[in-house]
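Worksheet for the structure shown next.
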Amino acid sequence: MEQHPRRQELIRLTTPMTWLGTRGARREGFDALGYAIDMVATAARQAGGLLTAPGLSLGGSAVPLDGDTHWLEAADPVEQEVLCNLLRRHSPLLIAMAGRGSFVRGGRRDRIGSRWLADSHEHLAARFLASVTERHLYRVQAELRRRDGISHLDRMDVAPVMGNGSVLVRCLDAQTSLAETRAHVLLLSGLALRARSMVKEGRREGPVSQRLLEENRARAISDGLRAGMAEDKRPRERERERDRERERERERDRDRGRREHQVRDAPPDERKIPARQAVRALLDDLVPEFSRLDATPEEILPLLCLVELPGGQPLRAQDLLTRSAGNGQALPEAVRTALTDSRPGGPLLDAVLAEYPGSGQLMLNVWREALESGLSLRARRDHDRPPARSGSRPDQRRRGRAGDRRGRPAGPSKGGKQQ
């Protein structure tokens, strides 16, 4: 535990690098963290103060926001590079999921995406890294210093740590509950496993347009889960889209009987998808990794509550605390419970089962089956699809069904054997 270097009213708890790849390891790690936070809360109360989460005021003055910093260990420099670029691509969604506003008792609740990043002058969108060798990283650092006036890689949302092979993630807002922090650890661990699998298969994470990334990042900071995210189009897909657009232009010219003097070269407007839809797709895509981590639906419940609850409204631990704001005695105790309750799901699980007794349990059951199978929704659909008849091609099956519709028997296809 240490005092925040720039904000005297904040303290930071730092844990050593810990293996959290099993349920037992996570239980031990978060039990210890909850016990440490409870000791700090007890010491604060004995000194006449109260422990609260960043951005949540128990008195009249606002408490500054801050972030949760994570380090992920990579096996080798190649995995470190792939993990950096994979986290970079998903950083707008990470911001949208973890972003939160400030709350003062008796005041209006702040619902923007990330008040901390919106007010921060110490963050920079991550850059694509073609390599994580020291020589290359020094060149990236020199370019950042020349162009943006920033001379340290650790000012980026996602950055490689030079010398020890780990990856720094610093774009997640500090949360108001231990259960949400646990869910974020599982999310980042799932992405780390995905990067390891990509390296084993000989794949790399390609570059995402910096302009597109920064636009989506700005939308996530401003609007959170309500933002519209522009889809990333790979270079080949963008080239095919340009070719199709040129062909459509030529067809319109022929229909009008004239030739247009200028053919549009720029790709069509990028289609935006809701951030919640993108988050839902990401969680479903990471089901195999969650399954390898032996995760339970209760552990990732804070992530599911953003996209899966009936009514379309996300539910966060901060929303539960604001309900206790009217009771001066209940709010400090609710804050302490949220920060020290190390159960998977924590108080959020109790609230979901109480407010959505049927659909909440159904959601947990559906995700429990998915995690036990280790297959994403798309993979489960393909797995459950009935197999094609052996020895027949799709066009043969279509001809056979057409013969039935015409009222004639569907005989064997040409070249086939009569049984």
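Labeling convention for the structure tokens: chains A, B, ... as they appear, residues from 1 per chain, ligands from 1 in order of appearance.
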Which residues, written as a PyMOL selection string, have at least one atom at most 9 Å from A:Thr52, with only C-alpha atoms counted and residues fewer than 6 positions away on the same chain left out? chain A and resi 41+58+63+176+332+335-336+339
How would the residues just picked look written out with C-alpha atoms as a PDB file, in the first residue's frame?
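As written to disk, part-v2.pdb reads:
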ATOM      1  CA  ALA A  41     -11.099   0.649   5.918  1.00  0.00           C
ATOM      2  CA  LEU A  58     -19.316  10.240   1.090  1.00  0.00           C
ATOM      3  CA  VAL A  63     -13.348  12.571  -4.805  1.00  0.00           C
ATOM      4  CA  THR A 176     -16.358   0.518  -6.887  1.00  0.00           C
ATOM      5  CA  PRO A 332     -20.575   4.032   3.854  1.00  0.00           C
ATOM      6  CA  VAL A 335     -19.238   1.078  -0.091  1.00  0.00           C
ATOM      7  CA  ARG A 336     -17.137  -0.960   2.316  1.00  0.00           C
ATOM      8  CA  LEU A 339     -14.884  -3.012  -1.886  1.00  0.00           C
TER       9      LEU A 339
END
Closest atom pairs, stretch 156-224 of chain A residues within 9 Å of stretch 276-300 of chain A, only C-alpha atoms, as a Markdown table:
| residue | atom | partner | partner_atom | distance |
| --- | --- | --- | --- | --- |
| A:Ala179 | CA | A:Glu299 | CA | 7.3 |
| A:Glu180 | CA | A:Ile300 | CA | 8.2 |
| A:Arg182 | CA | A:Glu299 | CA | 7.0 |
| A:Ala183 | CA | A:Ile300 | CA | 4.9 |
| A:His184 | CA | A:Ile300 | CA | 8.1 |
| A:Leu186 | CA | A:Ile300 | CA | 7.4 |
| A:Leu187 | CA | A:Phe290 | CA | 8.0 |
| A:Ser189 | CA | A:Leu293 | CA | 8.1 |
| A:Gly190 | CA | A:Glu289 | CA | 5.0 |
| A:Leu191 | CA | A:Leu286 | CA | 7.5 |
| A:Ala192 | CA | A:Glu289 | CA | 8.9 |
| A:Leu193 | CA | A:Glu289 | CA | 6.3 |
| A:Arg194 | CA | A:Glu289 | CA | 6.8 |
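Note that the spacing between atom CA of A:Phe30 and atom CA of A:Cys171 amounts to 21.2 Å.
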Checklist line | Pick from A:Glu205, A:Asp66, A:Glu73, A:Glu333, whichever lies nearest to A:Ser166 using only C-alpha atoms | finding: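 Ranking A:Glu205, A:Asp66, A:Glu73, A:Glu333 by distance to A:Ser166, first place goes to A:Glu73.
Taking atom CA of A:Asp38 as the reference point, atom CA of A:Ala338 is found at 10.5 Å.
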